[in-house]
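Have a look at final_20.cif below; it lists mmCIF, C-alpha atoms.
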data_run
loop_
_atom_site.label_atom_id
_atom_site.label_comp_id
_atom_site.auth_asym_id
_atom_site.auth_seq_id
_atom_site.Cartn_x
_atom_site.Cartn_y
_atom_site.Cartn_z
CA MET A 1 2.20 -4.07 3.21
CA ILE A 2 -0.02 -6.73 4.78
CA LEU A 3 2.72 -9.31 5.47
CA THR A 4 5.86 -8.55 7.46
CA ALA A 5 9.21 -8.21 5.63
CA GLN A 6 10.28 -11.69 6.80
CA GLN A 7 7.00 -13.26 5.63
CA SER A 8 7.30 -11.46 2.28
CA LEU A 9 10.88 -12.70 1.84
CA LEU A 10 9.82 -16.26 2.60
CA ILE A 11 6.93 -16.10 0.09
CA ILE A 12 9.29 -14.73 -2.58
CA ALA A 13 11.87 -17.45 -1.82
CA VAL A 14 9.19 -20.17 -2.09
CA VAL A 15 7.89 -18.75 -5.38
CA ALA A 16 11.46 -18.53 -6.74
CA LEU A 17 12.13 -22.14 -5.72
CA ALA A 18 8.93 -23.46 -7.31
CA THR A 19 9.66 -21.50 -10.51
CA VAL A 20 13.23 -22.81 -10.79
CA LEU A 21 11.91 -26.31 -10.18
CA THR A 22 9.52 -26.13 -13.17
CA ARG A 23 12.33 -24.85 -15.40
CA VAL A 24 15.17 -27.14 -14.34
CA LEU A 25 13.32 -30.40 -13.67
CA PRO A 26 13.18 -31.59 -17.31
CA PHE A 27 16.97 -31.20 -17.62
CA LEU A 28 17.47 -33.18 -14.40
CA LEU A 29 14.94 -35.90 -15.28
CA PHE A 30 16.07 -36.32 -18.87
CA PRO A 31 19.86 -35.88 -18.92
CA GLU A 32 21.83 -35.53 -22.14
CA ASN A 33 22.88 -39.18 -22.27
CA LYS A 34 19.36 -40.70 -22.00
CA LYS A 35 16.41 -41.02 -24.39
CA THR A 36 13.20 -39.05 -23.52
CA PRO A 37 10.11 -41.32 -23.25
CA PRO A 38 7.54 -40.86 -26.09
CA TYR A 39 4.75 -40.15 -23.56
CA ILE A 40 6.72 -37.11 -22.25
CA LEU A 41 7.34 -35.90 -25.79
CA TYR A 42 3.59 -36.21 -26.52
CA LEU A 43 2.65 -34.22 -23.39
CA GLY A 44 5.27 -31.62 -24.30
CA LYS A 45 3.53 -31.20 -27.64
CA VAL A 46 -0.10 -30.83 -26.48
CA LEU A 47 0.11 -29.43 -22.95
CA PRO A 48 1.26 -25.86 -23.78
CA PHE A 49 -2.13 -25.28 -25.49
CA SER A 50 -4.18 -26.57 -22.55
CA ALA A 51 -1.98 -24.61 -20.13
CA ILE A 52 -2.83 -21.24 -21.68
CA GLY A 53 -6.55 -22.11 -21.54
CA LEU A 54 -6.11 -22.88 -17.84
CA LEU A 55 -4.31 -19.56 -17.31
CA ILE A 56 -7.14 -17.56 -18.90
CA VAL A 57 -9.69 -19.25 -16.62
CA TYR A 58 -7.31 -18.64 -13.70
CA CYS A 59 -7.25 -14.90 -14.44
CA LEU A 60 -11.05 -14.77 -14.46
CA LYS A 61 -11.63 -16.96 -11.40
CA ASP A 62 -12.68 -14.10 -9.09
CA VAL A 63 -15.04 -12.39 -11.55
CA PRO A 64 -18.56 -12.26 -10.01
CA VAL A 65 -20.88 -13.74 -12.63
CA SER A 66 -24.11 -14.00 -10.62
CA SER A 67 -24.04 -10.39 -9.30
CA ALA A 68 -23.82 -7.09 -11.21
CA PRO A 69 -22.09 -6.29 -13.54
CA HIS A 70 -22.08 -10.05 -14.32
CA GLY A 71 -18.57 -10.12 -15.77
CA LEU A 72 -19.53 -7.62 -18.45
CA PRO A 73 -16.33 -5.48 -18.22
CA GLU A 74 -14.18 -8.62 -18.53
CA GLY A 75 -16.28 -9.97 -21.42
CA LEU A 76 -16.17 -6.68 -23.32
CA ALA A 77 -12.42 -6.21 -22.79
CA ILE A 78 -11.63 -9.79 -23.88
CA GLY A 79 -13.81 -9.22 -26.94
CA GLY A 80 -11.79 -6.07 -27.61
CA VAL A 81 -8.49 -7.95 -27.34
CA VAL A 82 -9.71 -10.66 -29.72
CA LEU A 83 -11.06 -8.20 -32.33
CA LEU A 84 -7.94 -6.00 -32.18
CA HIS A 85 -5.69 -9.00 -32.48
CA LEU A 86 -7.60 -10.54 -35.39
CA ALA A 87 -7.57 -7.15 -37.17
CA LYS A 88 -3.98 -5.98 -36.59
CA ARG A 89 -2.18 -9.05 -35.19
CA ASN A 90 0.15 -6.82 -33.17
CA SER A 91 0.52 -8.40 -29.71
CA LEU A 92 1.55 -5.26 -27.85
CA LEU A 93 -1.28 -3.23 -29.43
CA SER A 94 -3.88 -5.90 -28.56
CA ILE A 95 -2.67 -6.22 -24.96
CA GLY A 96 -2.25 -2.47 -24.43
CA GLY A 97 -5.56 -1.60 -26.10
CA GLY A 98 -7.50 -4.28 -24.24
CA THR A 99 -6.04 -3.25 -20.89
CA ALA A 100 -6.79 0.42 -21.54
CA LEU A 101 -10.38 -0.49 -22.48
CA TYR A 102 -10.78 -2.55 -19.31
CA MET A 103 -9.38 0.26 -17.14
CA LEU A 104 -11.79 2.73 -18.73
CA LEU A 105 -14.71 0.34 -18.17
CA VAL A 106 -14.02 -0.34 -14.48
CA GLN A 107 -13.00 3.25 -13.64
CA LEU A 108 -15.65 5.22 -15.54
CA ILE A 109 -18.61 3.02 -16.52
CA PHE A 110 -18.99 0.06 -14.13
CA VAL A 111 -17.87 1.87 -10.98
CA MET B 112 36.61 -10.82 -24.59
CA GLU B 113 36.30 -10.42 -28.35
CA VAL B 114 34.20 -13.60 -28.51
CA LYS B 115 31.76 -12.29 -25.90
CA LYS B 116 31.47 -8.85 -27.51
CA LYS B 117 30.60 -10.38 -30.89
CA ALA B 118 28.04 -12.69 -29.29
CA LEU B 119 26.42 -9.80 -27.39
CA ALA B 120 26.21 -7.67 -30.55
CA ALA B 121 24.61 -10.57 -32.45
CA ALA B 122 22.17 -11.35 -29.63
CA PHE B 123 20.85 -7.82 -29.07
CA PRO B 124 18.67 -7.43 -32.23
CA HIS B 125 16.94 -10.74 -31.49
CA THR B 126 15.84 -9.42 -28.09
CA LEU B 127 14.19 -6.19 -29.33
CA PRO B 128 10.58 -7.49 -29.24
CA VAL B 129 11.20 -8.73 -25.71
CA LEU B 130 12.71 -5.36 -24.76
CA THR B 131 9.39 -3.62 -25.57
CA GLY B 132 7.26 -6.31 -23.99
CA TYR B 133 9.24 -6.69 -20.79
CA ILE B 134 9.57 -2.96 -20.16
CA PHE B 135 5.77 -2.74 -20.63
CA PHE B 136 4.84 -5.75 -18.44
CA GLY B 137 7.68 -5.14 -16.00
CA THR B 138 6.45 -1.59 -15.51
CA ALA B 139 2.87 -2.80 -15.03
CA PHE B 140 4.15 -5.28 -12.44
CA GLY B 141 6.19 -2.59 -10.66
CA VAL B 142 3.25 -0.17 -10.54
CA ILE B 143 0.96 -2.80 -8.97
CA LEU B 144 3.62 -4.00 -6.51
CA GLY B 145 4.37 -0.39 -5.55
CA SER B 146 0.66 0.28 -4.98
CA LYS B 147 0.72 -2.47 -2.31
CA GLY B 148 3.48 -0.68 -0.38
CA TYR B 149 6.58 -2.47 -1.69
CA SER B 150 9.64 -0.37 -2.60
CA LEU B 151 12.26 -0.53 -5.39
CA GLY B 152 14.46 -3.13 -3.68
CA TRP B 153 11.56 -5.59 -3.47
CA ALA B 154 10.77 -5.24 -7.17
CA ILE B 155 14.41 -5.79 -8.16
CA LEU B 156 14.73 -8.76 -5.81
CA MET B 157 11.55 -10.42 -7.13
CA SER B 158 12.33 -9.81 -10.80
CA ALA B 159 15.93 -11.02 -10.43
CA ALA B 160 15.20 -14.11 -8.31
CA VAL B 161 11.76 -15.25 -9.52
CA TYR B 162 11.87 -13.94 -13.12
CA ALA B 163 8.44 -15.19 -14.18
CA GLY B 164 5.78 -12.71 -15.31
CA ALA B 165 2.58 -14.58 -14.52
CA ALA B 166 3.92 -16.02 -11.27
CA GLN B 167 5.05 -12.58 -10.07
CA PHE B 168 1.60 -11.09 -10.71
CA VAL B 169 0.15 -14.00 -8.75
CA THR B 170 2.74 -13.39 -6.01
CA ILE B 171 1.39 -9.87 -5.49
CA GLY B 172 -1.88 -11.56 -4.59
CA LEU B 173 -0.03 -13.92 -2.21
CA LEU B 174 1.67 -10.96 -0.53
CA THR B 175 -1.61 -9.16 0.08
CA THR B 176 -3.50 -12.00 1.77
CA ALA B 177 -3.03 -14.29 4.77
CA PHE B 178 0.51 -15.77 5.00
CA ASN B 179 0.48 -19.24 3.41
CA PRO B 180 3.80 -20.48 1.93
CA VAL B 181 2.48 -23.97 1.13
CA TYR B 182 -0.30 -22.54 -1.02
CA ALA B 183 2.28 -20.16 -2.58
CA PHE B 184 4.44 -23.15 -3.56
CA ALA B 185 1.50 -25.10 -5.03
CA ILE B 186 0.00 -22.20 -6.98
CA THR B 187 3.43 -21.28 -8.43
CA LEU B 188 3.95 -24.86 -9.57
CA ALA B 189 0.53 -24.75 -11.21
CA VAL B 190 1.06 -21.38 -12.90
CA ASN B 191 4.55 -22.33 -14.12
CA ALA B 192 3.89 -25.97 -14.96
CA ARG B 193 4.00 -25.06 -18.65
CA HIS B 194 7.72 -24.35 -18.27
CA LEU B 195 8.25 -28.08 -17.79
CA PHE B 196 7.32 -28.47 -21.40
CA TYR B 197 9.61 -25.68 -22.60
CA GLY B 198 12.42 -27.49 -20.81
CA ILE B 199 11.48 -30.73 -22.53
CA SER B 200 11.51 -28.96 -25.91
CA MET B 201 14.94 -27.44 -25.24
CA LEU B 202 16.66 -30.66 -24.10
CA GLY B 203 18.38 -30.93 -27.48
CA ARG B 204 19.32 -27.28 -28.06
CA LEU B 205 20.89 -26.73 -24.64
CA ARG B 206 23.07 -29.83 -24.97
CA GLY B 207 26.73 -29.36 -24.04
CA LEU B 208 26.47 -25.80 -22.68
CA GLY B 209 28.20 -26.54 -19.39
CA TRP B 210 27.57 -23.99 -16.62
CA LYS B 211 25.62 -21.71 -18.99
CA LYS B 212 22.99 -24.43 -19.25
CA ALA B 213 21.99 -23.87 -15.61
CA TYR B 214 21.42 -20.14 -16.20
CA LEU B 215 19.60 -20.68 -19.51
CA ALA B 216 17.28 -23.19 -17.86
CA PHE B 217 16.63 -20.73 -14.99
CA GLY B 218 15.80 -17.97 -17.50
CA LEU B 219 13.52 -20.04 -19.74
CA THR B 220 10.51 -17.68 -19.77
CA ASP B 221 7.79 -17.89 -22.45
CA GLU B 222 9.43 -15.11 -24.47
CA THR B 223 13.06 -16.23 -24.12
CA PHE B 224 11.99 -19.77 -24.99
CA SER B 225 10.29 -18.58 -28.18
CA ILE B 226 13.44 -16.68 -29.25
CA LEU B 227 15.88 -19.46 -28.38
CA CYS B 228 13.76 -21.91 -30.37
CA ALA B 229 14.31 -20.05 -33.62
CA ALA B 230 17.39 -17.78 -33.37
CA GLU B 231 20.64 -18.93 -34.97
CA PRO B 232 23.87 -16.92 -34.56
CA PRO B 233 25.62 -15.53 -37.68
CA GLU B 234 28.78 -17.30 -38.80
CA GLY B 235 31.84 -16.74 -36.62
CA VAL B 236 29.73 -16.03 -33.52
CA ASP B 237 29.94 -18.41 -30.57
CA ARG B 238 26.56 -20.13 -30.26
CA ASN B 239 26.77 -20.72 -26.50
CA TRP B 240 27.55 -17.10 -25.63
CA PHE B 241 24.92 -15.95 -28.15
CA MET B 242 22.17 -17.90 -26.34
CA PHE B 243 23.56 -16.82 -22.97
CA PHE B 244 23.34 -13.12 -23.88
CA ILE B 245 19.77 -13.44 -25.24
CA THR B 246 18.76 -14.84 -21.85
CA LEU B 247 20.77 -12.26 -19.88
CA LEU B 248 19.46 -9.25 -21.86
CA ASP B 249 15.84 -10.42 -21.43
CA HIS B 250 16.44 -10.87 -17.71
CA LEU B 251 17.84 -7.32 -17.43
CA TYR B 252 14.90 -5.81 -19.37
CA TRP B 253 12.52 -7.44 -16.92
CA ILE B 254 14.40 -6.18 -13.85
CA ILE B 255 14.70 -2.65 -15.27
CA GLY B 256 11.01 -2.60 -16.26
CA SER B 257 9.77 -3.56 -12.82
CA GLY B 258 12.09 -0.98 -11.21
CA LEU B 259 10.71 1.68 -13.56
CA GLY B 260 7.19 0.70 -12.53
CA ILE B 261 7.91 1.33 -8.85
CA LEU B 262 9.44 4.76 -9.64
CA LEU B 263 6.61 5.64 -12.02
CA GLY B 264 3.98 4.69 -9.45
CA GLU B 265 5.69 6.94 -6.88
CA MET B 266 6.03 9.93 -9.23
CA VAL B 267 2.66 9.93 -10.95
CA ALA B 268 -0.42 9.41 -8.86
CA PHE B 269 -2.70 7.71 -11.36
CA ASN B 270 -5.65 5.40 -10.92
CA SER B 271 -4.25 1.96 -11.73
CA LYS B 272 -7.51 0.11 -11.05
CA GLY B 273 -7.93 -2.58 -13.70
CA ILE B 274 -4.28 -2.65 -14.83
CA ASP B 275 -4.13 -6.29 -13.64
CA PHE B 276 -6.08 -7.10 -16.80
CA VAL B 277 -2.77 -6.88 -18.71
CA MET B 278 -2.12 -10.50 -17.71
CA THR B 279 -5.50 -11.74 -18.96
CA ALA B 280 -4.94 -9.86 -22.23
CA LEU B 281 -1.48 -11.42 -22.63
CA PHE B 282 -2.84 -14.94 -22.24
CA VAL B 283 -5.76 -14.25 -24.60
CA VAL B 284 -3.27 -13.07 -27.25
CA ILE B 285 -1.04 -16.15 -26.75
CA PHE B 286 -4.19 -18.30 -26.95
CA ILE B 287 -5.15 -16.75 -30.32
CA GLU B 288 -1.60 -17.11 -31.67
CA GLN B 289 -1.51 -20.77 -30.62
CA TRP B 290 -4.99 -21.35 -32.08
CA LYS B 291 -3.89 -19.96 -35.45
CA SER B 292 -0.71 -22.06 -35.46
CA GLN B 293 -2.59 -25.37 -35.08
CA GLN B 294 -4.95 -27.47 -37.18
CA CYS B 295 -6.21 -29.42 -34.16
CA HIS B 296 -7.71 -27.26 -31.41
CA ALA B 297 -8.61 -30.08 -29.01
CA PRO B 298 -5.78 -29.43 -26.48
CA ALA B 299 -6.74 -25.73 -26.22
CA ILE B 300 -10.46 -26.56 -25.83
CA ILE B 301 -9.70 -29.28 -23.25
CA GLY B 302 -7.70 -26.69 -21.27
CA VAL B 303 -10.54 -24.15 -21.18
CA LEU B 304 -13.37 -26.65 -20.55
CA ALA B 305 -11.60 -28.72 -17.88
CA SER B 306 -10.52 -25.56 -16.03
CA SER B 307 -14.00 -23.99 -16.21
CA ALA B 308 -15.63 -27.21 -15.00
CA CYS B 309 -13.20 -27.50 -12.07
CA LEU B 310 -13.72 -23.82 -11.21
CA LEU B 311 -17.49 -24.41 -10.97
CA LEU B 312 -16.99 -27.63 -9.01
CA PHE B 313 -14.18 -26.72 -6.58
CA GLY B 314 -14.41 -22.92 -6.40
CA ALA B 315 -11.85 -20.19 -7.10
CA LYS B 316 -9.46 -21.13 -4.27
CA HIS B 317 -9.00 -24.83 -5.00
CA PHE B 318 -9.56 -25.46 -8.69
CA VAL B 319 -6.04 -25.21 -10.18
CA LEU B 320 -4.58 -28.54 -9.09
CA PRO B 321 -7.71 -30.60 -9.92
CA ALA B 322 -7.85 -28.81 -13.28
CA MET B 323 -4.24 -29.79 -14.05
CA LEU B 324 -4.94 -33.42 -13.15
CA VAL B 325 -8.09 -33.53 -15.30
CA ILE B 326 -6.22 -31.94 -18.24
CA VAL B 327 -3.36 -34.47 -18.07
CA ALA B 328 -5.88 -37.32 -17.66
CA VAL B 329 -7.97 -36.27 -20.68
CA LEU B 330 -4.85 -35.69 -22.80
CA THR B 331 -3.50 -39.09 -21.76
CA LEU B 332 -6.78 -40.90 -22.56
CA SER B 333 -7.07 -39.22 -25.96
CA ARG B 334 -3.40 -39.69 -26.83
CA LYS B 335 -4.00 -42.06 -29.78
CA THR B 336 -6.50 -39.73 -31.47
CA LEU B 337 -4.56 -36.54 -30.73
CA GLU B 338 -1.23 -37.92 -31.89
CA ARG B 339 -2.84 -38.82 -35.19
CA ARG B 340 -4.51 -35.40 -35.54
CA THR B 341 -1.54 -33.26 -34.45
CA ALA B 342 0.98 -35.20 -36.52
#

Show me the file's structure as structure tokens.
Amino acid sequence: MILTAQQSLLIIAVVALATVLTRVLPFLLFPENKKTPPYILYLGKVLPFSAIGLLIVYCLKDVPVSSAPHGLPEGLAIGGVVLLHLAKRNSLLSIGGGTALYMLLVQLIFV
Amino acid sequence: MEVKKKALAAAFPHTLPVLTGYIFFGTAFGVILGSKGYSLGWAILMSAAVYAGAAQFVTIGLLTTAFNPVYAFAITLAVNARHLFYGISMLGRLRGLGWKKAYLAFGLTDETFSILCAAEPPEGVDRNWFMFFITLLDHLYWIIGSGLGILLGEMVAFNSKGIDFVMTALFVVIFIEQWKSQQCHAPAIIGVLASSACLLLFGAKHFVLPAMLVIVAVLTLSRKTLERRTA
């Protein structure tokens, strides 16, 4: 452990609070007796798609592109996930297979 | 009592896909958390109180770097901002649930949201308890999975390097599923391009909040076109 137990507890409490906030806020802002503004409904329709794109980039943010192996393990493993998913369309298989491939690549080939 | 039993029995089959997924991801989470020196109690605490897959993986990173609660708060908001939109979509379905509404809102993960959107209880089963038990079962799977991961990591010494990729793979799969479900791909493309541009511009540590602002701005400016194309 790098942080102390107290620091860890505080981080977990803060993360829990922020998470609850994102889940409960819509119900507080738009109570049952009021009409939801059309702009919010529009954002609710398009934003989930942009959000997943952001999350993929977030996962890859620390991949070194300019130095070896130039993001090759990540690129290959993502390619594997996409191909597996297009072929079988079984989410658990695609995720499990892609992760196994990535672990093989970083443990055996690009060490 | 009879009402609750019937609702639980009706809810269980709907949660089976989540059972597999959460034991798998929960275990992956537990193994990584355990590898950083955190014991069973920590995993159970985090999975019970935070109950958010992506955010908990990110939290492991926050626990293994310099102490910074403000950054932890901001990054969690950014990672979980999509839940705002699940909440907005569920405003109608969670109407009139009383105290259960608070727990269902707390437990509105990606997976539970997707089940609650579609599942309808069979006749004679109380709808409120049915939705409550779907949420509760999913929550328990997640807690049990992460506990298993800690135990597994202690029992078997295996090289877990690269297991973090499970999160990337999950999002890539969701991305493909969303892509296939839509005619108009602009929101997905805007998400990837705006985030990549902000990553190049602001660097890995500071790009998430600017990326969110740019995404909302572009979506707002192109509202007329997108509303026509996604209608």

Near Gly137 (chain B), counting all atoms listed in the file, which residues have an atom at most 7 Å away, once you skip same-chain residues fewer than 5 positions from it, shown as a list in words?
Trp253, Gly256, Ser257 and Gly260 of chain B

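You will find CA of Leu84 (chain A) at 16.8 Å from CA of Leu105 (chain A).
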
For a quick check of understanding, using only C-alpha atoms, which of A:Pro37, A:Gly44, A:Pro64, A:Pro69 has the smallest distance to chain B?
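Of A:Pro37, A:Gly44, A:Pro64, A:Pro69, the one nearest chain B is A:Gly44, counting only C-alpha atoms.
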
Could you please determine the separation between CA of Glu338 (chain B) and CA of Phe49 (chain A) in Å, to one decimal place?
14.2 Å

What do you get, as a list of chain:residue names, if you spell out every residue that the PyMOL selection byres ((chain A) within 6 of (chain B)) selects here?
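With the PyMOL selection byres ((chain A) within 6 of (chain B)) on this model, the match is A:Met1, A:Ile2, A:Ile11, A:Val14, A:Val15, A:Ala16, A:Ala18, A:Val20, A:Thr22, A:Arg23, A:Val24, A:Pro26, A:Gly44, A:Val46, A:Pro48, A:Phe49, A:Ser50, A:Gly53, A:Leu54, A:Cys59, A:Lys61, A:Ile95, A:Thr99, A:Met103.
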
Check which residues satisfy the PyMOL selection byres ((chain A and resi 73) around 9) in the file shown, then give them as a count of residues only.
15

Any idea what the distance is between CA of Thr4 (chain A) and CA of Leu17 (chain A)?
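One can read the CA of Thr4 (chain A) to CA of Leu17 (chain A) distance as 19.9 Å.
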
All file atoms of region 8-17 of chain A boxed axis-aligned, 5 Å per side, centre plus edges, as lines of an AutoDock Vina configuration file:
center_x = 9.5
center_y = -16.8
center_z = -2.1
size_x = 15.2
size_y = 20.7
size_z = 19.3

Among B:Arg204, B:His125, B:Lys115, B:Lys335, Phe27 (chain A) is approached most closely, using all atoms listed in the file, by B:Arg204

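With all atoms listed in the file as the atoms that count, the minimum distance from Lys116 (chain B) to the choices B:Ala139, B:Phe224, B:Asp237, B:Leu130 is reached by B:Asp237.
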